[in-house]
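One structure below.
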Amino acid sequence: MVKRIKLRTLFIGGCITLFFLVLVARVFWVQVLNGEYWQEKAAKQWAHSATIKAVRGEIEDRNGNVLASNVPAYTVVVNPEVIAEQGIGQEVIDGLHELLGKPVDELKKLVEAKDEKTGKYLKNREIRNEGWKINKELKDKVVAFYEELGKKHDIRETGVGYVTEQKRYYPKDTLAAHILGYTDRDGKAIMGLEKYFDKQLKGNDGSLSYQSDGKGIKLPNSQDTYKPVVNGSNFKLTIDSTIQHYIQEAMQKAYNKYRPKTISVIAADPNTMEILGLANMPTFNPNEFWDTKDAGGFYNHAVKSRYEPGSTFKIVTLAGAVEEKLFNPNAKFQSGSIRIKGYSKALHDINHVGWGNITFLDGVKRSSNVAFVKLGFEMLGPERLLQYIDDFGFNEKTGIDLPGETIGIVNPDPNKSVENATLAYGHGKVLVTPIQQLTAVAAIANGGKLMVPHVVKEITDSNTGKKTVTQPEVVRQVLSKESARETGSYLEQVVADQVKGTGRHAYIEGYRVAGKTGTAIKVNGTDYDRNKVLSSFIGYAPVNDPKIAVIVIIDEPQDGEGGGAVAAPVFQEIVSQALPYMGVPKASTGTADSTSKTVKAAAAPAQRSAPDLTGKTMQAARQLLIDQGFDFESVGEGASVVSQYPEKGTILASGQRIYLLSQQGDKPVIPDLKGQSLRDALEVLSLLKVGIAVEGEGYVSEQTQGIKNGKTLVTLKLNPINEYGENIPVPPVEEEKPEE
C-alpha cells in the first residue's frame, strides 16, 4: 500500500516537473529566442499615432478678397450591415437616389455590399462621387432624410450617415479660374497657381506618436514622438477682382455676340507688370470642374497659345523705326501695294488701291502694310528688325509665374526677302503669345523697359508670419524714354483719329488712349482662309501716365470681323470702367458742353481746343503736337510757324487735323487734303491765297493743282465718306479681309 502511494507520488511529481520544464522551455522560446518578434508585436499594440493635417494656404486678390480657401465638406456613407438588419434597403436606395442623383443600380451595389470571402454584409461604404465632399446644404438634406427614416421605423440606427472632411472652395466661381486652377476631390493640385505653387500651398502634415495601455490610457513612461505641422503659405495676388469682373463681363458679351472659338484678355499695370486680370473663354468653374463638357475650357490660351499676330505686331516695327530716327511722320509714300525683289506677287494694303500718296503717320493710322514694309524691311532692314523683335522678348519666355508658358517663334528665312518683309506687319514666319505681346507694348507705355510679368504679389508664411514680396523686375531697356513716348503719341492717333484711325472704337471720352488693331487671316493647310481671322486689339491708357495695358484676342469671330470692329470695343468697355475705378481722373475736355450731344463714347473723342502755335519754331510746334496726340501737317519750307488752322482756342472736331503754315516760297506748297471736310480744305487754301474750285459734295477724295490766270488753282473733288472712314472704294469683305 505504501509502495503504491510512493509510486503515485513520484509519477505526479514527475508530471509536474515535466510540465514545469516544458513551460520554462516555452517561456525561453517566446521571451529569448522569439523575443524581438513579440516585442515588436506588443509595441504595435501599445503604440498609437495620429496625423495632423496641414491646412492649405489661402489665395487672395490684391485687396484681400478671398479667391481660394478651405471649407468643411461632407461625404455620405452607408452601413450595409445595419441597413440589412433594419430591412430598409429599398427606402435608403430611393431616398439617396432622389437627393444625390446617383443611379439606383449603383446605390443598390453599395447598400447590399458583402465580403466576398465570408458573405457577410460590409460595414461602411462611401457614396462616390455624387455623395463625396458635398456642401452643407445638401448634407443637411441627407441628415433630415435619415432622421425622418429613423422616426418612421422607430429605430436609432438607419445605416446612413456622413463624415466631415475639408475641401478647396473658390467663392467667386469662374472668376480668374485660369489663374487659380483647382484641386481635385482628393486634394491633388491639377492646374494654375494651385499646381505651380502646390508645395508652398499645401505645407507638410504633422504627426504624434505615443504609448498606451489596453484601455487607451497613456503610459507614464511613454516615448512620445511629435512632428509639428507646417501649414501652407498664404498667397496675395496682383489680380484685382473688380477689374477681373470687368474683363469677364465684357468678354462674355463678345463671346455671345460673335461666337468665336476662343477669347483671351490680359490686363496689367505697365509700370510694374503686375497682372490685374487674365481670362479665357470658354472657361470653367473650379468648384464644379467635373461638369465642364469641353476640355478646351481648361486651356490657358493667354500664356500657352501661339498666334500669328497680324497688325498689332506693327508696334514693334514702329518703335524700332522711331528709336533709329527713321520715322518721319510727314514723309510720304505710295500706298496700295509694294513689290519685293524675288517674289512674284505684290504685298497689299487693306485694299489693293490704297489711299494714294500719304504720310507715314497716316499709314500708321490706317494700318498700311506697305508703310510698315518700307519702315521695317527697307529702312530698318531685316537684321535690325529681328534685333528689335529679340529685344522686345519675342524669342524668349516672359517668365510669368503661371504654369505652361509657351515661347514665341520668329524664324524667317534670311534668304527669302518676302518672309522678312511680311514680318514687318506681323504675318508669315512669326508666332507670338498674348502675354509676350502685352509685355512688349507695356515696355512702350512705361518708358522703354521690358519687364517680367507676375501674378503673385506676396507670399506669407502662415507659421512664422514672414512675408516675401515680389519686386518688379526689369529685363532690359529696349527703347529710350523719348522714343517710347514718341511711339506712344503715334499709337494714340490710331485711336484718336475718328476718321482714319483703325482703333477709333477703342476711344474713351476724357482719357488719352494708345493702341493698335490686328486682323490676321488664318492659315488653313498651306493657304490663307479669308473667312477665318484672328481679331485683336492691344493698347494702354492714359497715354501721359499709363495705368493699365490690355490685350484682347478673339479667335475666329463670326463673319470674320476685324480687330477694330470686335476687339477694340471689348478693350474700350474694360478700360472705360477700370480707369475710374482705379481713381484715374479724366482730362479736361475744353469749354464746350460735351453733354449736350448724345453720342457713343467710342464714336467721338473728347473735345479739345487747338493750342497756340503761331510764332513757335516748326520743330517745337511739331513736338508739342506729337506729345499731346494731335493730328497735324506742316505746310511750307520755313523754320517757324507763320499761321495755323484752326486758330488757337478753336474746339476741334473728331479727328480734325491742325495745319502749320510756314514761310512759302515762290510756288506755294499745297498740303494733302484728302479725307478733310470742305470747310477745313477751304480755310487752309484761303490762308495760302490760292484759287479754289470744287466738284461734288462730302469730303475731299481727290485734289489737282494747276495754273489759271497766272495764279495757282486747286481743284477739289468731293465724295461722301464710306463706312470705313475712307474716301475711296473699299473691296467687299468676301474679296479681301481688312488687315487692321
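We label chains A, B, ... in the order they appear in the C-alpha cells, count residues from 1 in each chain, and number ligands from 1 in the order shown.
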_Long-range neighbours of stretch 59-76 of chain A as number ranges by chain, 9 Å cut-off, only C-alpha atoms, 3 positions minimum in chain_ = A: 55-56, 125-128, 130-136, 138-139, 142, 160-173, 175-176, 180, 182, 201, 234-241, 276, 457
_Near-stretch 687-690 of chain A list (7 Å; only C-alpha atoms; drop same-chain fewer than 3 positions) as a ChimeraX atom specification_ = /A:668,683-684,711-713
Store the residues picked out above, limited to C-alpha atoms, as a PDB file, in the first residue's frame.
ATOM      1  CA  PRO A 668       3.056 127.659-102.588  1.00  0.00           C
ATOM      2  CA  GLU A 683      -9.813 127.539 -94.829  1.00  0.00           C
ATOM      3  CA  VAL A 684      -6.339 126.131 -95.426  1.00  0.00           C
ATOM      4  CA  LYS A 711      -2.434 132.019-110.169  1.00  0.00           C
ATOM      5  CA  THR A 712      -2.274 128.607-108.559  1.00  0.00           C
ATOM      6  CA  LEU A 713      -5.635 126.850-108.792  1.00  0.00           C
TER       7      LEU A 713
END
Identify, with DSSP run on backbone atoms, the residues in stretch 99-292 of chain A assigned to strand (DSSP E), and express the list as a short mmCIF file (atom, residue, chain, number, x, y, z; two decimals) with N, CA, C and O atoms, in the first residue's frame.
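Printed below is selection-v7.cif as written:
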data_model
loop_
_atom_site.label_atom_id
_atom_site.label_comp_id
_atom_site.auth_asym_id
_atom_site.auth_seq_id
_atom_site.Cartn_x
_atom_site.Cartn_y
_atom_site.Cartn_z
N ARG A 125 -19.50 52.09 -46.41
CA ARG A 125 -19.19 52.33 -47.82
C ARG A 125 -19.47 53.80 -48.15
O ARG A 125 -20.56 54.31 -47.87
N GLU A 126 -18.48 54.50 -48.74
CA GLU A 126 -18.68 55.89 -49.16
C GLU A 126 -19.45 55.93 -50.48
O GLU A 126 -19.26 55.07 -51.34
N VAL A 160 -27.27 55.10 -42.38
CA VAL A 160 -26.89 56.22 -43.25
C VAL A 160 -26.28 57.31 -42.38
O VAL A 160 -26.80 57.62 -41.31
N GLY A 161 -25.16 57.87 -42.84
CA GLY A 161 -24.50 58.93 -42.08
C GLY A 161 -23.55 59.72 -42.96
O GLY A 161 -23.62 59.66 -44.20
N TYR A 162 -22.66 60.44 -42.32
CA TYR A 162 -21.68 61.22 -43.08
C TYR A 162 -20.41 61.38 -42.26
O TYR A 162 -20.43 61.23 -41.02
N VAL A 163 -19.32 61.69 -42.94
CA VAL A 163 -18.06 62.03 -42.27
C VAL A 163 -17.66 63.43 -42.72
O VAL A 163 -17.91 63.83 -43.86
N THR A 164 -17.09 64.18 -41.78
CA THR A 164 -16.70 65.56 -42.06
C THR A 164 -15.25 65.61 -42.53
O THR A 164 -14.36 65.02 -41.91
N GLU A 165 -15.03 66.31 -43.65
CA GLU A 165 -13.69 66.46 -44.21
C GLU A 165 -13.47 67.93 -44.58
O GLU A 165 -14.22 68.80 -44.17
N GLN A 166 -12.43 68.19 -45.34
CA GLN A 166 -12.14 69.53 -45.84
C GLN A 166 -12.09 69.48 -47.37
O GLN A 166 -11.71 68.47 -47.96
N LYS A 167 -12.47 70.59 -48.00
CA LYS A 167 -12.31 70.67 -49.45
C LYS A 167 -11.93 72.09 -49.83
O LYS A 167 -12.13 73.05 -49.07
N ARG A 168 -11.37 72.24 -51.03
CA ARG A 168 -10.99 73.54 -51.57
C ARG A 168 -12.22 74.22 -52.14
O ARG A 168 -13.02 73.59 -52.84
N TYR A 169 -12.36 75.51 -51.82
CA TYR A 169 -13.55 76.24 -52.26
C TYR A 169 -13.13 77.55 -52.91
O TYR A 169 -12.24 78.26 -52.41
N TYR A 182 -7.26 74.56 -59.98
CA TYR A 182 -8.12 73.90 -59.00
C TYR A 182 -7.43 72.67 -58.43
O TYR A 182 -6.42 72.20 -58.97
N THR A 183 -7.96 72.17 -57.32
CA THR A 183 -7.54 70.88 -56.78
C THR A 183 -8.71 69.92 -56.93
O THR A 183 -9.87 70.32 -56.83
N ALA A 189 -3.47 69.03 -56.55
CA ALA A 189 -3.47 70.22 -57.39
C ALA A 189 -3.36 69.82 -58.86
O ALA A 189 -2.50 69.03 -59.23
N ILE A 190 -4.24 70.39 -59.69
CA ILE A 190 -4.32 69.97 -61.08
C ILE A 190 -3.74 71.01 -62.04
O ILE A 190 -3.04 70.67 -62.98
N MET A 191 -4.03 72.29 -61.85
CA MET A 191 -3.58 73.29 -62.80
C MET A 191 -3.50 74.66 -62.13
O MET A 191 -3.85 74.82 -60.96
N GLY A 206 1.76 67.12 -39.93
CA GLY A 206 2.47 66.78 -38.70
C GLY A 206 2.04 65.41 -38.21
O GLY A 206 1.15 64.77 -38.79
N SER A 207 2.66 64.92 -37.12
CA SER A 207 2.30 63.61 -36.59
C SER A 207 2.59 63.55 -35.09
O SER A 207 3.43 64.30 -34.58
N LEU A 208 1.87 62.65 -34.39
CA LEU A 208 2.07 62.44 -32.96
C LEU A 208 2.03 60.94 -32.69
O LEU A 208 1.09 60.26 -33.07
N SER A 209 3.07 60.42 -32.01
CA SER A 209 3.13 59.00 -31.65
C SER A 209 3.32 58.89 -30.13
O SER A 209 4.10 59.64 -29.54
N TYR A 210 2.57 57.94 -29.46
CA TYR A 210 2.68 57.73 -28.02
C TYR A 210 2.30 56.29 -27.71
O TYR A 210 1.80 55.55 -28.57
N GLN A 211 2.53 55.87 -26.43
CA GLN A 211 2.23 54.51 -26.00
C GLN A 211 1.13 54.54 -24.93
O GLN A 211 1.08 55.43 -24.10
N THR A 225 6.69 60.84 -29.72
CA THR A 225 7.36 61.44 -30.88
C THR A 225 6.40 62.43 -31.52
O THR A 225 5.29 62.06 -31.92
N TYR A 226 6.82 63.69 -31.61
CA TYR A 226 5.94 64.73 -32.14
C TYR A 226 6.63 65.46 -33.30
O TYR A 226 7.74 65.97 -33.14
N LYS A 227 5.95 65.48 -34.43
CA LYS A 227 6.44 66.24 -35.59
C LYS A 227 5.45 67.36 -35.84
O LYS A 227 4.30 67.11 -36.20
N ASN A 234 0.13 81.50 -47.34
CA ASN A 234 -0.97 82.25 -47.94
C ASN A 234 -0.44 83.15 -49.05
O ASN A 234 0.61 83.78 -48.90
N PHE A 235 -1.20 83.21 -50.14
CA PHE A 235 -0.77 83.97 -51.32
C PHE A 235 -1.68 85.17 -51.54
O PHE A 235 -2.91 85.04 -51.52
N LYS A 236 -1.08 86.32 -51.76
CA LYS A 236 -1.82 87.50 -52.21
C LYS A 236 -1.40 87.77 -53.65
O LYS A 236 -0.22 87.88 -53.95
N LEU A 237 -2.40 87.89 -54.53
CA LEU A 237 -2.12 88.05 -55.96
C LEU A 237 -2.18 89.52 -56.37
O LEU A 237 -2.69 90.37 -55.65
N THR A 262 -12.32 81.05 -79.34
CA THR A 262 -11.83 81.44 -78.01
C THR A 262 -11.70 82.95 -77.94
O THR A 262 -11.61 83.63 -78.96
N ILE A 263 -11.67 83.45 -76.72
CA ILE A 263 -11.30 84.85 -76.44
C ILE A 263 -10.31 84.83 -75.29
O ILE A 263 -10.49 84.10 -74.32
N SER A 264 -9.27 85.66 -75.40
CA SER A 264 -8.31 85.81 -74.31
C SER A 264 -8.10 87.30 -74.05
O SER A 264 -7.99 88.08 -74.99
N VAL A 265 -8.05 87.66 -72.77
CA VAL A 265 -7.80 89.05 -72.37
C VAL A 265 -6.82 89.05 -71.20
O VAL A 265 -6.96 88.25 -70.28
N ILE A 266 -5.85 89.94 -71.28
CA ILE A 266 -4.93 90.15 -70.15
C ILE A 266 -4.85 91.65 -69.90
O ILE A 266 -4.73 92.43 -70.84
N ALA A 267 -4.88 92.04 -68.64
CA ALA A 267 -4.68 93.44 -68.24
C ALA A 267 -3.54 93.50 -67.24
O ALA A 267 -3.42 92.63 -66.37
N ALA A 268 -2.71 94.53 -67.36
CA ALA A 268 -1.55 94.65 -66.47
C ALA A 268 -1.27 96.11 -66.18
O ALA A 268 -1.66 97.01 -66.93
N ASP A 269 -0.58 96.34 -65.08
CA ASP A 269 -0.01 97.66 -64.79
C ASP A 269 1.31 97.72 -65.54
O ASP A 269 2.26 97.00 -65.20
N GLU A 274 2.48 93.98 -63.02
CA GLU A 274 1.56 93.21 -62.20
C GLU A 274 0.32 92.92 -63.03
O GLU A 274 -0.27 93.83 -63.62
N ILE A 275 -0.07 91.66 -63.11
CA ILE A 275 -1.25 91.28 -63.87
C ILE A 275 -2.49 91.64 -63.05
O ILE A 275 -2.69 91.15 -61.95
N LEU A 276 -3.32 92.52 -63.62
CA LEU A 276 -4.52 92.97 -62.93
C LEU A 276 -5.71 92.06 -63.22
O LEU A 276 -6.68 92.03 -62.45
N GLY A 277 -5.65 91.34 -64.32
CA GLY A 277 -6.72 90.42 -64.69
C GLY A 277 -6.30 89.59 -65.88
O GLY A 277 -5.53 90.06 -66.73
N LEU A 278 -6.78 88.36 -65.93
CA LEU A 278 -6.46 87.46 -67.04
C LEU A 278 -7.60 86.46 -67.15
O LEU A 278 -8.01 85.87 -66.15
N ALA A 279 -8.10 86.28 -68.37
CA ALA A 279 -9.22 85.35 -68.55
C ALA A 279 -9.23 84.79 -69.96
O ALA A 279 -8.70 85.40 -70.89
N ASN A 280 -9.86 83.63 -70.09
CA ASN A 280 -10.08 82.99 -71.38
C ASN A 280 -11.52 82.51 -71.44
O ASN A 280 -12.13 82.21 -70.42
N MET A 281 -12.03 82.43 -72.64
CA MET A 281 -13.32 81.79 -72.87
C MET A 281 -13.17 80.86 -74.06
O MET A 281 -12.55 81.24 -75.06
#
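For the atom pair formed by atom CA of A:Gly518 and atom CA of A:Ser536, the distance is 4.9 Å, given to one decimal.
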_So that I can see what lies close to stretch 545-553 of chain A, please list as a ChimeraX atom specification the residues with an atom at most 8 Å from it, counting only C-alpha atoms and leaving out residues fewer than 5 positions away in the same chain._
/A:263-271,434,437-438,441-442,445-446,534-540,567-568,570-571,575,579
Pick out the residues sitting within 9 Å of A:Gly354, and hand them over as an mmCIF file with N, CA and C atoms, in the first residue's frame; count only C-alpha atoms, and ignore anything fewer than 3 positions along from it in its own chain.
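Below is the file that was written, part02.cif:
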data_model
loop_
_atom_site.group_PDB
_atom_site.id
_atom_site.type_symbol
_atom_site.label_atom_id
_atom_site.label_comp_id
_atom_site.auth_asym_id
_atom_site.auth_seq_id
_atom_site.Cartn_x
_atom_site.Cartn_y
_atom_site.Cartn_z
ATOM 1 N N GLN A 334 3.767 105.900 -101.539
ATOM 2 C CA GLN A 334 2.618 105.497 -102.345
ATOM 3 C C GLN A 334 2.005 104.245 -101.734
ATOM 4 N N SER A 335 0.785 104.377 -101.261
ATOM 5 C CA SER A 335 0.116 103.251 -100.612
ATOM 6 C C SER A 335 -0.529 102.334 -101.646
ATOM 7 N N GLY A 336 -1.061 101.238 -101.159
ATOM 8 C CA GLY A 336 -1.776 100.302 -102.032
ATOM 9 C C GLY A 336 -1.078 98.977 -102.152
ATOM 10 N N SER A 337 0.099 98.976 -102.739
ATOM 11 C CA SER A 337 0.834 97.719 -102.912
ATOM 12 C C SER A 337 2.318 98.001 -103.042
ATOM 13 N N HIS A 348 -0.066 93.807 -100.345
ATOM 14 C CA HIS A 348 -1.112 94.810 -100.445
ATOM 15 C C HIS A 348 -1.495 95.398 -99.094
ATOM 16 N N ASP A 349 -2.142 96.569 -99.188
ATOM 17 C CA ASP A 349 -2.757 97.202 -98.031
ATOM 18 C C ASP A 349 -4.130 96.592 -97.781
ATOM 19 N N ILE A 350 -4.887 97.232 -96.891
ATOM 20 C CA ILE A 350 -6.243 96.785 -96.590
ATOM 21 C C ILE A 350 -7.018 96.550 -97.879
ATOM 22 N N ASN A 351 -6.899 97.488 -98.765
ATOM 23 C CA ASN A 351 -7.492 97.325 -100.091
ATOM 24 C C ASN A 351 -6.393 97.553 -101.126
ATOM 25 N N ASN A 357 -0.909 108.844 -102.369
ATOM 26 C CA ASN A 357 0.369 109.245 -101.793
ATOM 27 C C ASN A 357 0.098 109.848 -100.418
ATOM 28 N N SER A 368 -1.399 100.647 -92.704
ATOM 29 C CA SER A 368 -0.931 100.309 -94.049
ATOM 30 C C SER A 368 0.203 99.295 -94.001
ATOM 31 N N ILE A 728 -12.258 106.387 -100.551
ATOM 32 C CA ILE A 728 -12.095 105.641 -101.787
ATOM 33 C C ILE A 728 -12.920 104.372 -101.703
#
Each residue of stretch 451-566 of chain A with at least one atom at most 12 Å from stretch 313-318 of chain A should appear once, together with its nearest atom pair and the corresponding distance in Å (one decimal); atoms considered: only C-alpha atoms; ordering: chain, then increasing residue number; output as a tab-separated table.
residue	atom	partner	partner_atom	distance
A:Val478	CA	A:Val316	CA	10.5
A:Leu479	CA	A:Val316	CA	10.6
A:Ser483	CA	A:Leu318	CA	10.1
A:Ala484	CA	A:Leu318	CA	10.2
A:Glu486	CA	A:Leu318	CA	10.1
A:Thr487	CA	A:Leu318	CA	6.9
A:Gly488	CA	A:Ile315	CA	9.4
A:Ser489	CA	A:Leu318	CA	11.4
A:Tyr490	CA	A:Leu318	CA	9.0
A:Leu491	CA	A:Ile315	CA	8.1
A:Glu492	CA	A:Ile315	CA	11.8
A:Val494	CA	A:Ile315	CA	11.3
A:Ala514	CA	A:Ile315	CA	10.8
A:Gly515	CA	A:Ile315	CA	8.8
A:Lys516	CA	A:Ile315	CA	7.4
A:Thr517	CA	A:Phe313	CA	9.3
A:Gly518	CA	A:Phe313	CA	8.0
A:Thr519	CA	A:Phe313	CA	10.7
A:Ala520	CA	A:Phe313	CA	10.3
A:Ser536	CA	A:Phe313	CA	10.5
A:Phe537	CA	A:Phe313	CA	10.4
A:Ile538	CA	A:Ile315	CA	9.6
A:Gly539	CA	A:Ile315	CA	10.1
_Run DSSP on the backbone and tell me which residues of stretch 108-288 of chain A come out as alpha helix (DSSP H); list them as a PyMOL selection string._
chain A and resi 108-111+136-153+177-180+192-196+198-202+241-258
Restricting the output to C-alpha atoms, write the selected residues as a PDB file, in the first residue's frame.
ATOM      1  CA  LYS A 108     -28.009  49.026 -54.715  1.00  0.00           C
ATOM      2  CA  LYS A 109     -24.472  47.612 -55.030  1.00  0.00           C
ATOM      3  CA  LEU A 110     -23.256  49.855 -52.207  1.00  0.00           C
ATOM      4  CA  VAL A 111     -26.219  49.270 -49.877  1.00  0.00           C
ATOM      5  CA  LYS A 136     -23.554  71.806 -46.059  1.00  0.00           C
ATOM      6  CA  GLU A 137     -26.911  72.458 -47.709  1.00  0.00           C
ATOM      7  CA  LEU A 138     -27.054  69.006 -49.292  1.00  0.00           C
ATOM      8  CA  LYS A 139     -25.624  67.381 -46.157  1.00  0.00           C
ATOM      9  CA  ASP A 140     -28.462  68.874 -44.110  1.00  0.00           C
ATOM     10  CA  LYS A 141     -30.986  67.334 -46.516  1.00  0.00           C
ATOM     11  CA  VAL A 142     -29.339  63.919 -46.092  1.00  0.00           C
ATOM     12  CA  VAL A 143     -29.462  64.313 -42.296  1.00  0.00           C
ATOM     13  CA  ALA A 144     -33.144  65.255 -42.458  1.00  0.00           C
ATOM     14  CA  PHE A 145     -33.783  62.167 -44.610  1.00  0.00           C
ATOM     15  CA  TYR A 146     -32.219  59.600 -42.284  1.00  0.00           C
ATOM     16  CA  GLU A 147     -33.699  61.251 -39.171  1.00  0.00           C
ATOM     17  CA  GLU A 148     -37.156  61.000 -40.733  1.00  0.00           C
ATOM     18  CA  LEU A 149     -36.383  57.397 -41.662  1.00  0.00           C
ATOM     19  CA  GLY A 150     -35.475  56.670 -38.028  1.00  0.00           C
ATOM     20  CA  LYS A 151     -38.697  58.182 -36.737  1.00  0.00           C
ATOM     21  CA  LYS A 152     -40.760  56.274 -39.263  1.00  0.00           C
ATOM     22  CA  HIS A 153     -39.372  52.887 -38.197  1.00  0.00           C
ATOM     23  CA  ALA A 177     -10.309  80.354 -62.983  1.00  0.00           C
ATOM     24  CA  HIS A 178      -7.375  80.042 -65.401  1.00  0.00           C
ATOM     25  CA  ILE A 179      -5.113  81.839 -62.944  1.00  0.00           C
ATOM     26  CA  LEU A 180      -6.160  79.893 -59.851  1.00  0.00           C
ATOM     27  CA  GLY A 192      -2.979  77.025 -62.405  1.00  0.00           C
ATOM     28  CA  LEU A 193      -1.372  78.572 -59.350  1.00  0.00           C
ATOM     29  CA  GLU A 194      -2.680  75.677 -57.261  1.00  0.00           C
ATOM     30  CA  LYS A 195      -0.327  73.378 -59.138  1.00  0.00           C
ATOM     31  CA  TYR A 196       2.512  75.838 -59.806  1.00  0.00           C
ATOM     32  CA  ASP A 198       1.487  73.373 -54.724  1.00  0.00           C
ATOM     33  CA  LYS A 199       4.465  72.649 -52.467  1.00  0.00           C
ATOM     34  CA  GLN A 200       4.184  76.019 -50.729  1.00  0.00           C
ATOM     35  CA  LEU A 201       0.394  75.995 -50.575  1.00  0.00           C
ATOM     36  CA  LYS A 202      -0.123  72.512 -49.130  1.00  0.00           C
ATOM     37  CA  SER A 241     -11.300  91.085 -58.535  1.00  0.00           C
ATOM     38  CA  THR A 242     -13.206  94.123 -59.764  1.00  0.00           C
ATOM     39  CA  ILE A 243     -11.084  94.563 -62.887  1.00  0.00           C
ATOM     40  CA  GLN A 244     -11.218  90.799 -63.420  1.00  0.00           C
ATOM     41  CA  HIS A 245     -15.014  91.094 -63.286  1.00  0.00           C
ATOM     42  CA  TYR A 246     -14.974  93.908 -65.862  1.00  0.00           C
ATOM     43  CA  ILE A 247     -12.842  91.710 -68.127  1.00  0.00           C
ATOM     44  CA  GLN A 248     -15.020  88.630 -67.915  1.00  0.00           C
ATOM     45  CA  GLU A 249     -18.239  90.586 -68.281  1.00  0.00           C
ATOM     46  CA  ALA A 250     -17.030  92.299 -71.472  1.00  0.00           C
ATOM     47  CA  MET A 251     -15.678  89.002 -72.809  1.00  0.00           C
ATOM     48  CA  GLN A 252     -18.975  87.236 -72.217  1.00  0.00           C
ATOM     49  CA  LYS A 253     -20.853  89.842 -74.245  1.00  0.00           C
ATOM     50  CA  ALA A 254     -18.439  89.471 -77.154  1.00  0.00           C
ATOM     51  CA  TYR A 255     -18.498  85.685 -76.843  1.00  0.00           C
ATOM     52  CA  ASN A 256     -22.285  85.627 -77.024  1.00  0.00           C
ATOM     53  CA  LYS A 257     -22.355  88.038 -79.954  1.00  0.00           C
ATOM     54  CA  TYR A 258     -19.581  86.703 -82.198  1.00  0.00           C
TER      55      TYR A 258
END
*Residue neighbourhood A:Thr617, 8 Å, only C-alpha atoms, exclusion window fewer than 5 positions, as a PyMOL selection string*: chain A and resi 639-641
*Which neighbours of stretch 359-367 of chain A fall inside 6 Å, counting only C-alpha atoms, when residues of the same chain fewer than 3 positions from it are skipped, and could you give them as a PyMOL selection string?*
chain A and resi 329-332+371+494+500-502+740
*What is the atom CA of A:Leu326 to atom CA of A:Arg622 distance in Å?*
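These two atoms are separated by 16.2 Å.
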*Two-atom distance - atom CA of A:Phe372, atom CA of A:Gly356 (Å)*: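 So the two atoms, atom CA of A:Phe372 and atom CA of A:Gly356, lie 15.6 Å apart.
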Can you check which parts of stretch 284-336 of chain A lie within 12 Å of stretch 384-402 of chain A? Per residue, the shortest pair of atoms and distance in Å to one decimal, counting only C-alpha atoms, sorted by chain and number, as CSV.
residue,atom,partner,partner_atom,distance
A:Asn300,CA,A:Leu402,CA,9.6
A:His301,CA,A:Leu402,CA,11.8
A:Ala302,CA,A:Leu402,CA,10.3
A:Val303,CA,A:Leu402,CA,7.9
A:Lys304,CA,A:Leu402,CA,9.8
A:Arg306,CA,A:Phe394,CA,11.0
A:Tyr307,CA,A:Phe394,CA,12.0
A:Pro309,CA,A:Phe394,CA,11.6
A:Phe313,CA,A:Ile389,CA,9.5
A:Lys314,CA,A:Ile389,CA,10.7
A:Ile315,CA,A:Ile389,CA,10.4
A:Val316,CA,A:Ile389,CA,6.8
A:Thr317,CA,A:Leu385,CA,6.8
A:Leu318,CA,A:Leu385,CA,10.0
A:Ala319,CA,A:Tyr388,CA,8.5
A:Gly320,CA,A:Tyr388,CA,6.3
A:Ala321,CA,A:Leu385,CA,8.8
A:Val322,CA,A:Tyr388,CA,11.6
A:Glu323,CA,A:Tyr388,CA,9.9
A:Glu324,CA,A:Arg384,CA,9.5
